[in-house]
Amino acid sequence: ADVVTSVSELSEGAKRDLLVGSISLKYTQSNSVGYAINGQMIGVGAGQQSRVDCAKLAGRKVKIWYLRQHPKVLGLKFKSGIKRQARINARVRYIEGDFSEIEKKTWETQFEEIPEPLTEEEKNEFMQSLTGVALSSDAFFPFRDSIDVASKLGVSFVAQAGGSVQDTQVIEACNEYNMAMAMTKQRLFHH
């Protein structure tokens, strides 16, 4: 792979994460995009008609994964006897925050004290602390829009096949966000 951006250094961890992402995408329905960090996948978006929709779908999973580490989420006071999976589900719903009135009443019964909402401002501020994420794609990025989406998700490293007529614009977007991008020249695209 050739690193084609101004930021040209890929740490061993970045190489590992880009490889983990690319291998994972080899076995998903195209179009597919994945985010990885510390040797694990944290979001995969696949089977969408556009690559940016894959980036957004996977990005939603990244946000939930990272926001589960927010102090307000970690500080939720569950009643004793609430099982592990119910706690996980409750944390995810707390992060998402889009309850119906009936759902919210049921959700609240799991806590010793009803938690204050996790605001969009708090979520956005916490997400800004995420860095070092690797973004992989099963083919080229046809436009810069996926890079713009990734910039809000802590992405520092990108791997994609390259070969789009828009490669220059995608490289420029990576440069604007100080991301290192490697062109793999290897499509993993399949149906």
# chains A, B, ... in the order shown; residues from 1 in each chain; ligands from 1
$ residues_around --residues "region 148-163 of chain A" --least-positions-apart "6" --cutoff "9 Å" --atoms "only C-alpha atoms" --output "mmCIF file with all heavy atoms, in the first residue's frame"
data_model
loop_
_atom_site.group_PDB
_atom_site.id
_atom_site.type_symbol
_atom_site.label_atom_id
_atom_site.label_comp_id
_atom_site.auth_asym_id
_atom_site.auth_seq_id
_atom_site.Cartn_x
_atom_site.Cartn_y
_atom_site.Cartn_z
ATOM 1 N N ALA A 1 0.842 -1.188 0.000
ATOM 2 C CA ALA A 1 0.000 0.000 0.000
ATOM 3 C C ALA A 1 0.881 1.242 0.000
ATOM 4 O O ALA A 1 1.955 1.249 0.602
ATOM 5 C CB ALA A 1 -0.907 -0.013 1.224
ATOM 6 N N VAL A 3 1.104 5.228 1.033
ATOM 7 C CA VAL A 3 0.517 6.326 1.792
ATOM 8 C C VAL A 3 0.627 7.568 0.919
ATOM 9 O O VAL A 3 1.710 7.936 0.485
ATOM 10 C CB VAL A 3 1.216 6.513 3.150
ATOM 11 C CG1 VAL A 3 0.608 7.681 3.908
ATOM 12 C CG2 VAL A 3 1.126 5.238 3.983
ATOM 13 N N LEU A 10 2.410 5.599 9.463
ATOM 14 C CA LEU A 10 1.453 4.653 10.018
ATOM 15 C C LEU A 10 2.156 3.871 11.120
ATOM 16 O O LEU A 10 3.116 3.142 10.846
ATOM 17 C CB LEU A 10 0.951 3.683 8.946
ATOM 18 C CG LEU A 10 0.129 4.259 7.805
ATOM 19 C CD1 LEU A 10 -0.171 3.175 6.770
ATOM 20 C CD2 LEU A 10 -1.161 4.855 8.324
ATOM 21 N N ALA A 14 -1.643 1.326 13.943
ATOM 22 C CA ALA A 14 -2.485 1.759 12.824
ATOM 23 C C ALA A 14 -2.479 0.705 11.722
ATOM 24 O O ALA A 14 -3.538 0.388 11.156
ATOM 25 C CB ALA A 14 -2.004 3.102 12.287
ATOM 26 N N LYS A 15 -1.315 0.170 11.407
ATOM 27 C CA LYS A 15 -1.234 -0.881 10.383
ATOM 28 C C LYS A 15 -2.079 -2.090 10.781
ATOM 29 O O LYS A 15 -2.815 -2.643 9.963
ATOM 30 C CB LYS A 15 0.220 -1.305 10.161
ATOM 31 C CG LYS A 15 1.060 -0.247 9.493
ATOM 32 C CD LYS A 15 2.514 -0.699 9.404
ATOM 33 C CE LYS A 15 3.418 0.391 8.896
ATOM 34 N NZ LYS A 15 4.835 -0.021 8.910
ATOM 35 N N ASP A 17 -4.683 -2.126 12.825
ATOM 36 C CA ASP A 17 -6.108 -1.793 12.780
ATOM 37 C C ASP A 17 -6.632 -1.690 11.354
ATOM 38 O O ASP A 17 -7.751 -2.128 11.072
ATOM 39 C CB ASP A 17 -6.370 -0.496 13.547
ATOM 40 C CG ASP A 17 -6.109 -0.637 15.041
ATOM 41 O OD1 ASP A 17 -6.050 -1.784 15.545
ATOM 42 O OD2 ASP A 17 -5.950 0.404 15.710
ATOM 43 N N LEU A 18 -5.838 -1.143 10.451
ATOM 44 C CA LEU A 18 -6.243 -1.084 9.049
ATOM 45 C C LEU A 18 -6.341 -2.486 8.450
ATOM 46 O O LEU A 18 -7.244 -2.777 7.662
ATOM 47 C CB LEU A 18 -5.283 -0.204 8.244
ATOM 48 C CG LEU A 18 -5.346 1.286 8.577
ATOM 49 C CD1 LEU A 18 -4.168 2.029 7.938
ATOM 50 C CD2 LEU A 18 -6.672 1.895 8.148
ATOM 51 N N LEU A 19 -5.436 -3.362 8.842
ATOM 52 C CA LEU A 19 -5.472 -4.749 8.374
ATOM 53 C C LEU A 19 -6.683 -5.486 8.948
ATOM 54 O O LEU A 19 -7.398 -6.182 8.221
ATOM 55 C CB LEU A 19 -4.172 -5.468 8.747
ATOM 56 C CG LEU A 19 -4.004 -6.875 8.214
ATOM 57 C CD1 LEU A 19 -4.028 -6.886 6.689
ATOM 58 C CD2 LEU A 19 -2.685 -7.467 8.716
ATOM 59 N N GLY A 21 -9.465 -4.146 9.909
ATOM 60 C CA GLY A 21 -10.628 -3.600 9.217
ATOM 61 C C GLY A 21 -10.787 -4.167 7.828
ATOM 62 O O GLY A 21 -11.881 -4.579 7.426
ATOM 63 N N SER A 22 -9.699 -4.214 7.089
ATOM 64 C CA SER A 22 -9.763 -4.710 5.708
ATOM 65 C C SER A 22 -10.129 -6.187 5.649
ATOM 66 O O SER A 22 -10.935 -6.604 4.805
ATOM 67 C CB SER A 22 -8.429 -4.450 4.998
ATOM 68 O OG SER A 22 -8.220 -3.057 4.887
ATOM 69 N N TYR A 35 -14.659 0.581 11.004
ATOM 70 C CA TYR A 35 -13.803 1.338 11.911
ATOM 71 C C TYR A 35 -13.187 0.375 12.914
ATOM 72 O O TYR A 35 -13.883 -0.499 13.453
ATOM 73 C CB TYR A 35 -14.622 2.378 12.681
ATOM 74 C CG TYR A 35 -15.298 3.425 11.826
ATOM 75 C CD1 TYR A 35 -16.565 3.219 11.297
ATOM 76 C CD2 TYR A 35 -14.675 4.643 11.574
ATOM 77 C CE1 TYR A 35 -17.199 4.190 10.532
ATOM 78 C CE2 TYR A 35 -15.301 5.622 10.805
ATOM 79 C CZ TYR A 35 -16.561 5.390 10.293
ATOM 80 O OH TYR A 35 -17.196 6.361 9.537
ATOM 81 N N VAL A 52 -21.001 6.362 1.628
ATOM 82 C CA VAL A 52 -21.181 7.295 2.746
ATOM 83 C C VAL A 52 -22.260 6.781 3.696
ATOM 84 O O VAL A 52 -22.147 6.971 4.916
ATOM 85 C CB VAL A 52 -21.465 8.732 2.267
ATOM 86 C CG1 VAL A 52 -22.841 8.860 1.640
ATOM 87 C CG2 VAL A 52 -21.301 9.721 3.421
ATOM 88 N N ALA A 55 -20.522 4.462 5.889
ATOM 89 C CA ALA A 55 -19.712 5.194 6.872
ATOM 90 C C ALA A 55 -20.585 5.718 8.006
ATOM 91 O O ALA A 55 -20.189 5.690 9.177
ATOM 92 C CB ALA A 55 -18.966 6.336 6.189
ATOM 93 N N LYS A 56 -21.782 6.192 7.671
ATOM 94 C CA LYS A 56 -22.697 6.702 8.701
ATOM 95 C C LYS A 56 -23.246 5.566 9.569
ATOM 96 O O LYS A 56 -23.335 5.706 10.792
ATOM 97 C CB LYS A 56 -23.852 7.464 8.048
ATOM 98 C CG LYS A 56 -23.429 8.784 7.437
ATOM 99 C CD LYS A 56 -24.593 9.439 6.706
ATOM 100 C CE LYS A 56 -24.185 10.722 6.028
ATOM 101 N NZ LYS A 56 -25.312 11.312 5.261
ATOM 102 N N GLY A 59 -20.571 4.406 11.690
ATOM 103 C CA GLY A 59 -20.271 5.496 12.616
ATOM 104 C C GLY A 59 -21.217 5.541 13.794
ATOM 105 O O GLY A 59 -20.816 5.867 14.918
ATOM 106 N N VAL A 62 -19.844 3.168 16.191
ATOM 107 C CA VAL A 62 -18.652 3.729 16.839
ATOM 108 C C VAL A 62 -19.067 4.652 17.973
ATOM 109 O O VAL A 62 -18.520 4.580 19.080
ATOM 110 C CB VAL A 62 -17.765 4.488 15.824
ATOM 111 C CG1 VAL A 62 -16.654 5.265 16.532
ATOM 112 C CG2 VAL A 62 -17.190 3.527 14.793
ATOM 113 N N LYS A 63 -20.024 5.515 17.705
ATOM 114 C CA LYS A 63 -20.492 6.453 18.733
ATOM 115 C C LYS A 63 -21.018 5.716 19.952
ATOM 116 O O LYS A 63 -20.683 6.062 21.091
ATOM 117 C CB LYS A 63 -21.584 7.368 18.181
ATOM 118 C CG LYS A 63 -21.083 8.451 17.287
ATOM 119 C CD LYS A 63 -22.240 9.317 16.813
ATOM 120 C CE LYS A 63 -21.759 10.396 15.872
ATOM 121 N NZ LYS A 63 -22.860 11.207 15.355
ATOM 122 N N ASN A 124 -21.236 15.163 22.004
ATOM 123 C CA ASN A 124 -20.309 15.738 21.026
ATOM 124 C C ASN A 124 -18.974 16.088 21.664
ATOM 125 O O ASN A 124 -17.914 15.837 21.074
ATOM 126 C CB ASN A 124 -20.933 16.970 20.364
ATOM 127 C CG ASN A 124 -22.105 16.608 19.471
ATOM 128 O OD1 ASN A 124 -22.217 15.491 18.987
ATOM 129 N ND2 ASN A 124 -23.000 17.555 19.277
ATOM 130 N N MET A 127 -17.086 12.829 22.265
ATOM 131 C CA MET A 127 -16.623 12.230 21.016
ATOM 132 C C MET A 127 -15.357 12.904 20.506
ATOM 133 O O MET A 127 -14.544 12.275 19.837
ATOM 134 C CB MET A 127 -17.721 12.292 19.948
ATOM 135 C CG MET A 127 -18.856 11.312 20.140
ATOM 136 S SD MET A 127 -18.367 9.579 20.250
ATOM 137 C CE MET A 127 -17.594 9.317 18.657
ATOM 138 N N GLN A 128 -15.161 14.175 20.825
ATOM 139 C CA GLN A 128 -13.962 14.887 20.385
ATOM 140 C C GLN A 128 -12.691 14.309 21.006
ATOM 141 O O GLN A 128 -11.601 14.531 20.490
ATOM 142 C CB GLN A 128 -14.079 16.376 20.698
ATOM 143 C CG GLN A 128 -15.097 17.076 19.828
ATOM 144 C CD GLN A 128 -15.312 18.530 20.218
ATOM 145 O OE1 GLN A 128 -14.573 19.093 21.005
ATOM 146 N NE2 GLN A 128 -16.340 19.132 19.651
ATOM 147 N N SER A 129 -12.825 13.543 22.089
ATOM 148 C CA SER A 129 -11.648 12.955 22.731
ATOM 149 C C SER A 129 -11.222 11.635 22.085
ATOM 150 O O SER A 129 -10.167 11.092 22.410
ATOM 151 C CB SER A 129 -11.898 12.751 24.228
ATOM 152 O OG SER A 129 -12.885 11.752 24.451
ATOM 153 N N LEU A 130 -12.023 11.112 21.170
ATOM 154 C CA LEU A 130 -11.680 9.860 20.484
ATOM 155 C C LEU A 130 -10.705 10.153 19.355
ATOM 156 O O LEU A 130 -10.979 10.984 18.483
ATOM 157 C CB LEU A 130 -12.942 9.192 19.930
ATOM 158 C CG LEU A 130 -12.759 7.893 19.142
ATOM 159 C CD1 LEU A 130 -12.073 6.828 19.989
ATOM 160 C CD2 LEU A 130 -14.112 7.391 18.639
ATOM 161 N N THR A 131 -9.561 9.484 19.355
ATOM 162 C CA THR A 131 -8.556 9.632 18.297
ATOM 163 C C THR A 131 -7.934 8.268 18.003
ATOM 164 O O THR A 131 -8.079 7.326 18.768
ATOM 165 C CB THR A 131 -7.419 10.602 18.698
ATOM 166 O OG1 THR A 131 -6.758 10.079 19.854
ATOM 167 C CG2 THR A 131 -7.951 11.993 18.986
ATOM 168 N N GLY A 132 -7.223 8.199 16.884
ATOM 169 C CA GLY A 132 -6.477 6.991 16.556
ATOM 170 C C GLY A 132 -7.293 5.885 15.925
ATOM 171 O O GLY A 132 -6.833 4.751 15.802
ATOM 172 N N VAL A 133 -8.501 6.199 15.488
ATOM 173 C CA VAL A 133 -9.368 5.198 14.860
ATOM 174 C C VAL A 133 -8.922 4.995 13.412
ATOM 175 O O VAL A 133 -8.522 5.935 12.728
ATOM 176 C CB VAL A 133 -10.845 5.649 14.916
ATOM 177 C CG1 VAL A 133 -11.751 4.669 14.169
ATOM 178 C CG2 VAL A 133 -11.305 5.802 16.365
ATOM 179 N N ALA A 134 -9.006 3.745 12.953
ATOM 180 C CA ALA A 134 -8.670 3.389 11.577
ATOM 181 C C ALA A 134 -9.958 3.113 10.802
ATOM 182 O O ALA A 134 -10.857 2.432 11.296
ATOM 183 C CB ALA A 134 -7.783 2.145 11.547
ATOM 184 N N LEU A 135 -10.050 3.667 9.603
ATOM 185 C CA LEU A 135 -11.200 3.486 8.716
ATOM 186 C C LEU A 135 -10.752 2.695 7.499
ATOM 187 O O LEU A 135 -9.805 3.076 6.815
ATOM 188 C CB LEU A 135 -11.740 4.856 8.284
ATOM 189 C CG LEU A 135 -12.780 4.885 7.168
ATOM 190 C CD1 LEU A 135 -14.085 4.238 7.628
ATOM 191 C CD2 LEU A 135 -13.019 6.318 6.706
ATOM 192 N N SER A 136 -11.444 1.600 7.222
ATOM 193 C CA SER A 136 -11.159 0.792 6.035
ATOM 194 C C SER A 136 -12.393 0.738 5.153
ATOM 195 O O SER A 136 -13.515 0.778 5.640
ATOM 196 C CB SER A 136 -10.766 -0.635 6.432
ATOM 197 O OG SER A 136 -9.578 -0.639 7.190
ATOM 198 N N SER A 137 -12.155 0.621 3.850
ATOM 199 C CA SER A 137 -13.233 0.505 2.879
ATOM 200 C C SER A 137 -12.950 -0.683 1.964
ATOM 201 O O SER A 137 -11.791 -0.969 1.661
ATOM 202 C CB SER A 137 -13.333 1.790 2.048
ATOM 203 O OG SER A 137 -14.310 1.659 1.048
ATOM 204 N N ASP A 138 -14.023 -1.360 1.516
ATOM 205 C CA ASP A 138 -13.813 -2.526 0.649
ATOM 206 C C ASP A 138 -13.515 -2.142 -0.799
ATOM 207 O O ASP A 138 -13.210 -2.998 -1.616
ATOM 208 C CB ASP A 138 -15.006 -3.483 0.724
ATOM 209 C CG ASP A 138 -16.283 -2.941 0.109
ATOM 210 O OD1 ASP A 138 -16.385 -1.719 -0.124
ATOM 211 O OD2 ASP A 138 -17.209 -3.745 -0.130
ATOM 212 N N ALA A 139 -13.580 -0.862 -1.121
ATOM 213 C CA ALA A 139 -13.246 -0.363 -2.459
ATOM 214 C C ALA A 139 -12.860 1.103 -2.311
ATOM 215 O O ALA A 139 -12.630 1.570 -1.210
ATOM 216 C CB ALA A 139 -14.422 -0.559 -3.413
ATOM 217 N N PHE A 140 -12.811 1.831 -3.408
ATOM 218 C CA PHE A 140 -12.410 3.240 -3.302
ATOM 219 C C PHE A 140 -13.528 4.097 -2.717
ATOM 220 O O PHE A 140 -14.705 3.732 -2.753
ATOM 221 C CB PHE A 140 -11.948 3.803 -4.646
ATOM 222 C CG PHE A 140 -12.979 3.794 -5.746
ATOM 223 C CD1 PHE A 140 -14.056 4.664 -5.744
ATOM 224 C CD2 PHE A 140 -12.834 2.933 -6.828
ATOM 225 C CE1 PHE A 140 -14.990 4.682 -6.765
ATOM 226 C CE2 PHE A 140 -13.762 2.932 -7.860
ATOM 227 C CZ PHE A 140 -14.842 3.805 -7.822
ATOM 228 N N PHE A 141 -13.145 5.238 -2.151
ATOM 229 C CA PHE A 141 -14.108 6.252 -1.744
ATOM 230 C C PHE A 141 -14.376 7.119 -2.964
ATOM 231 O O PHE A 141 -13.473 7.786 -3.450
ATOM 232 C CB PHE A 141 -13.569 7.115 -0.597
ATOM 233 C CG PHE A 141 -13.557 6.418 0.730
ATOM 234 C CD1 PHE A 141 -12.377 6.117 1.363
ATOM 235 C CD2 PHE A 141 -14.752 6.078 1.354
ATOM 236 C CE1 PHE A 141 -12.363 5.477 2.591
ATOM 237 C CE2 PHE A 141 -14.753 5.428 2.580
ATOM 238 C CZ PHE A 141 -13.558 5.132 3.204
ATOM 239 N N PRO A 142 -15.626 7.136 -3.460
ATOM 240 C CA PRO A 142 -15.902 7.889 -4.680
ATOM 241 C C PRO A 142 -15.970 9.401 -4.462
ATOM 242 O O PRO A 142 -15.835 10.158 -5.414
ATOM 243 C CB PRO A 142 -17.258 7.341 -5.130
ATOM 244 C CG PRO A 142 -17.897 6.844 -3.882
ATOM 245 C CD PRO A 142 -16.767 6.372 -3.000
ATOM 246 N N ALA A 173 -9.197 15.909 1.367
ATOM 247 C CA ALA A 173 -10.022 15.851 2.586
ATOM 248 C C ALA A 173 -9.229 15.230 3.728
ATOM 249 O O ALA A 173 -9.245 15.747 4.853
ATOM 250 C CB ALA A 173 -11.302 15.065 2.323
ATOM 251 N N CYS A 174 -8.515 14.144 3.449
ATOM 252 C CA CYS A 174 -7.680 13.521 4.486
ATOM 253 C C CYS A 174 -6.619 14.502 4.978
ATOM 254 O O CYS A 174 -6.366 14.596 6.184
ATOM 255 C CB CYS A 174 -7.032 12.243 3.965
ATOM 256 S SG CYS A 174 -8.183 10.870 3.795
ATOM 257 N N TYR A 177 -7.996 17.037 7.408
ATOM 258 C CA TYR A 177 -8.265 16.481 8.733
ATOM 259 C C TYR A 177 -7.031 15.833 9.373
ATOM 260 O O TYR A 177 -7.141 15.191 10.410
ATOM 261 C CB TYR A 177 -9.399 15.451 8.648
ATOM 262 C CG TYR A 177 -10.742 16.046 8.288
ATOM 263 C CD1 TYR A 177 -11.384 15.684 7.114
ATOM 264 C CD2 TYR A 177 -11.368 16.967 9.123
ATOM 265 C CE1 TYR A 177 -12.624 16.209 6.778
ATOM 266 C CE2 TYR A 177 -12.609 17.503 8.795
ATOM 267 C CZ TYR A 177 -13.223 17.124 7.623
ATOM 268 O OH TYR A 177 -14.464 17.643 7.300
ATOM 269 N N ASN A 178 -5.870 15.985 8.733
ATOM 270 C CA ASN A 178 -4.618 15.397 9.241
ATOM 271 C C ASN A 178 -4.704 13.878 9.420
ATOM 272 O O ASN A 178 -4.222 13.326 10.397
ATOM 273 C CB ASN A 178 -4.178 16.058 10.553
ATOM 274 C CG ASN A 178 -3.796 17.502 10.335
ATOM 275 O OD1 ASN A 178 -3.067 17.825 9.399
ATOM 276 N ND2 ASN A 178 -4.311 18.383 11.176
ATOM 277 N N MET A 179 -5.310 13.230 8.460
ATOM 278 C CA MET A 179 -5.402 11.768 8.438
ATOM 279 C C MET A 179 -4.348 11.212 7.492
ATOM 280 O O MET A 179 -4.082 11.800 6.449
ATOM 281 C CB MET A 179 -6.774 11.314 7.941
ATOM 282 C CG MET A 179 -7.936 11.712 8.782
ATOM 283 S SD MET A 179 -9.486 11.200 7.946
ATOM 284 C CE MET A 179 -10.693 11.950 9.013
ATOM 285 N N ALA A 180 -3.788 10.079 7.857
ATOM 286 C CA ALA A 180 -2.908 9.346 6.938
ATOM 287 C C ALA A 180 -3.774 8.363 6.162
ATOM 288 O O ALA A 180 -4.600 7.662 6.747
ATOM 289 C CB ALA A 180 -1.842 8.591 7.722
ATOM 290 N N MET A 181 -3.614 8.339 4.835
ATOM 291 C CA MET A 181 -4.403 7.421 4.019
ATOM 292 C C MET A 181 -3.499 6.586 3.126
ATOM 293 O O MET A 181 -2.638 7.119 2.426
ATOM 294 C CB MET A 181 -5.416 8.160 3.140
ATOM 295 C CG MET A 181 -6.260 7.192 2.316
ATOM 296 S SD MET A 181 -7.648 7.970 1.468
ATOM 297 C CE MET A 181 -6.809 9.073 0.356
ATOM 298 N N ALA A 182 -3.746 5.281 3.174
ATOM 299 C CA ALA A 182 -3.022 4.342 2.325
ATOM 300 C C ALA A 182 -3.938 3.847 1.220
ATOM 301 O O ALA A 182 -5.096 3.500 1.461
ATOM 302 C CB ALA A 182 -2.530 3.157 3.149
ATOM 303 N N MET A 183 -3.423 3.857 -0.001
ATOM 304 C CA MET A 183 -4.126 3.280 -1.139
ATOM 305 C C MET A 183 -3.634 1.841 -1.280
ATOM 306 O O MET A 183 -2.460 1.597 -1.548
ATOM 307 C CB MET A 183 -3.826 4.055 -2.419
ATOM 308 C CG MET A 183 -4.247 5.495 -2.386
ATOM 309 S SD MET A 183 -6.016 5.657 -2.595
ATOM 310 C CE MET A 183 -6.099 7.359 -3.113
ATOM 311 N N THR A 184 -4.533 0.891 -1.096
ATOM 312 C CA THR A 184 -4.144 -0.520 -1.094
ATOM 313 C C THR A 184 -4.071 -1.120 -2.497
ATOM 314 O O THR A 184 -3.453 -2.162 -2.671
ATOM 315 C CB THR A 184 -5.157 -1.340 -0.281
ATOM 316 O OG1 THR A 184 -6.428 -1.286 -0.937
ATOM 317 C CG2 THR A 184 -5.272 -0.819 1.146
ATOM 318 N N LYS A 185 -4.742 -0.496 -3.451
ATOM 319 C CA LYS A 185 -4.846 -1.010 -4.821
ATOM 320 C C LYS A 185 -5.480 -2.407 -4.851
ATOM 321 O O LYS A 185 -5.289 -3.170 -5.788
ATOM 322 C CB LYS A 185 -3.476 -1.028 -5.503
ATOM 323 C CG LYS A 185 -2.849 0.345 -5.573
ATOM 324 C CD LYS A 185 -1.460 0.290 -6.148
ATOM 325 C CE LYS A 185 -0.825 1.664 -6.037
ATOM 326 N NZ LYS A 185 0.606 1.627 -6.049
ATOM 327 N N GLN A 186 -6.223 -2.710 -3.790
ATOM 328 C CA GLN A 186 -6.849 -4.032 -3.656
ATOM 329 C C GLN A 186 -8.326 -3.853 -3.315
ATOM 330 O O GLN A 186 -8.663 -3.390 -2.245
ATOM 331 C CB GLN A 186 -6.158 -4.814 -2.534
ATOM 332 C CG GLN A 186 -6.740 -6.182 -2.275
ATOM 333 C CD GLN A 186 -6.470 -7.154 -3.402
ATOM 334 O OE1 GLN A 186 -5.366 -7.224 -3.909
ATOM 335 N NE2 GLN A 186 -7.480 -7.891 -3.811
ATOM 336 N N ARG A 187 -9.198 -4.216 -4.266
ATOM 337 C CA ARG A 187 -10.632 -4.149 -4.007
ATOM 338 C C ARG A 187 -11.103 -5.421 -3.315
ATOM 339 O O ARG A 187 -10.727 -6.519 -3.723
ATOM 340 C CB ARG A 187 -11.403 -3.950 -5.316
ATOM 341 C CG ARG A 187 -11.140 -2.583 -5.927
ATOM 342 C CD ARG A 187 -11.916 -2.387 -7.211
ATOM 343 N NE ARG A 187 -13.326 -2.285 -6.898
ATOM 344 C CZ ARG A 187 -14.299 -2.608 -7.749
ATOM 345 N NH1 ARG A 187 -14.013 -3.063 -8.951
ATOM 346 N NH2 ARG A 187 -15.560 -2.492 -7.399
ATOM 347 N N LEU A 188 -11.904 -5.254 -2.290
ATOM 348 C CA LEU A 188 -12.470 -6.390 -1.567
ATOM 349 C C LEU A 188 -13.960 -6.503 -1.840
ATOM 350 O O LEU A 188 -14.668 -7.248 -1.180
ATOM 351 C CB LEU A 188 -12.227 -6.198 -0.058
ATOM 352 C CG LEU A 188 -10.765 -5.965 0.328
ATOM 353 C CD1 LEU A 188 -10.659 -5.528 1.775
ATOM 354 C CD2 LEU A 188 -9.940 -7.205 0.055
#
$ select_by_dssp --residues "region 34-126 of chain A" --states "strand (DSSP E)" --output "NGL selection string"
:A and (34-37 or 40-46)
$ residues_around --residues "Gln49 (chain A)" --least-positions-apart "4" --cutoff "9 Å" --atoms "only C-alpha atoms" --output "short mmCIF file (atom, residue, chain, number, x, y, z; two decimals) with N, CA and C atoms, in the first residue's frame"
data_model
loop_
_atom_site.label_atom_id
_atom_site.label_comp_id
_atom_site.auth_asym_id
_atom_site.auth_seq_id
_atom_site.Cartn_x
_atom_site.Cartn_y
_atom_site.Cartn_z
N SER A 30 -20.90 -5.95 0.17
CA SER A 30 -20.54 -4.63 -0.35
C SER A 30 -21.80 -3.79 -0.54
N ASN A 31 -21.66 -2.54 -0.50
CA ASN A 31 -20.55 -1.69 -0.09
C ASN A 31 -20.30 -1.89 1.40
N ASP A 53 -23.28 6.11 3.18
CA ASP A 53 -24.28 5.53 4.07
C ASP A 53 -23.66 4.42 4.92
N CYS A 54 -22.73 3.68 4.36
CA CYS A 54 -21.99 2.68 5.14
C CYS A 54 -21.18 3.36 6.24
#
$ closest_residue --among "A:Ser80, A:Gln85, A:Gln166, A:Gln40" --to "Trp65 (chain A)" --atoms "only C-alpha atoms"
A:Gln40
$ closest_residue --among "A:Leu76, A:Ser164, A:Arg87, A:Pro117" --to "Phe99 (chain A)" --atoms "only C-alpha atoms"
A:Pro117
$ atom_distance --atom1 "CA of Trp107 (chain A)" --atom2 "CA of Gly43 (chain A)"
25.4 Å
$ select_by_dssp --residues "region 20-138 of chain A" --states "alpha helix (DSSP H)" --output "PyMOL selection string"
chain A and resi 20-26+51-67+71-74+84-96+101-108+120-127
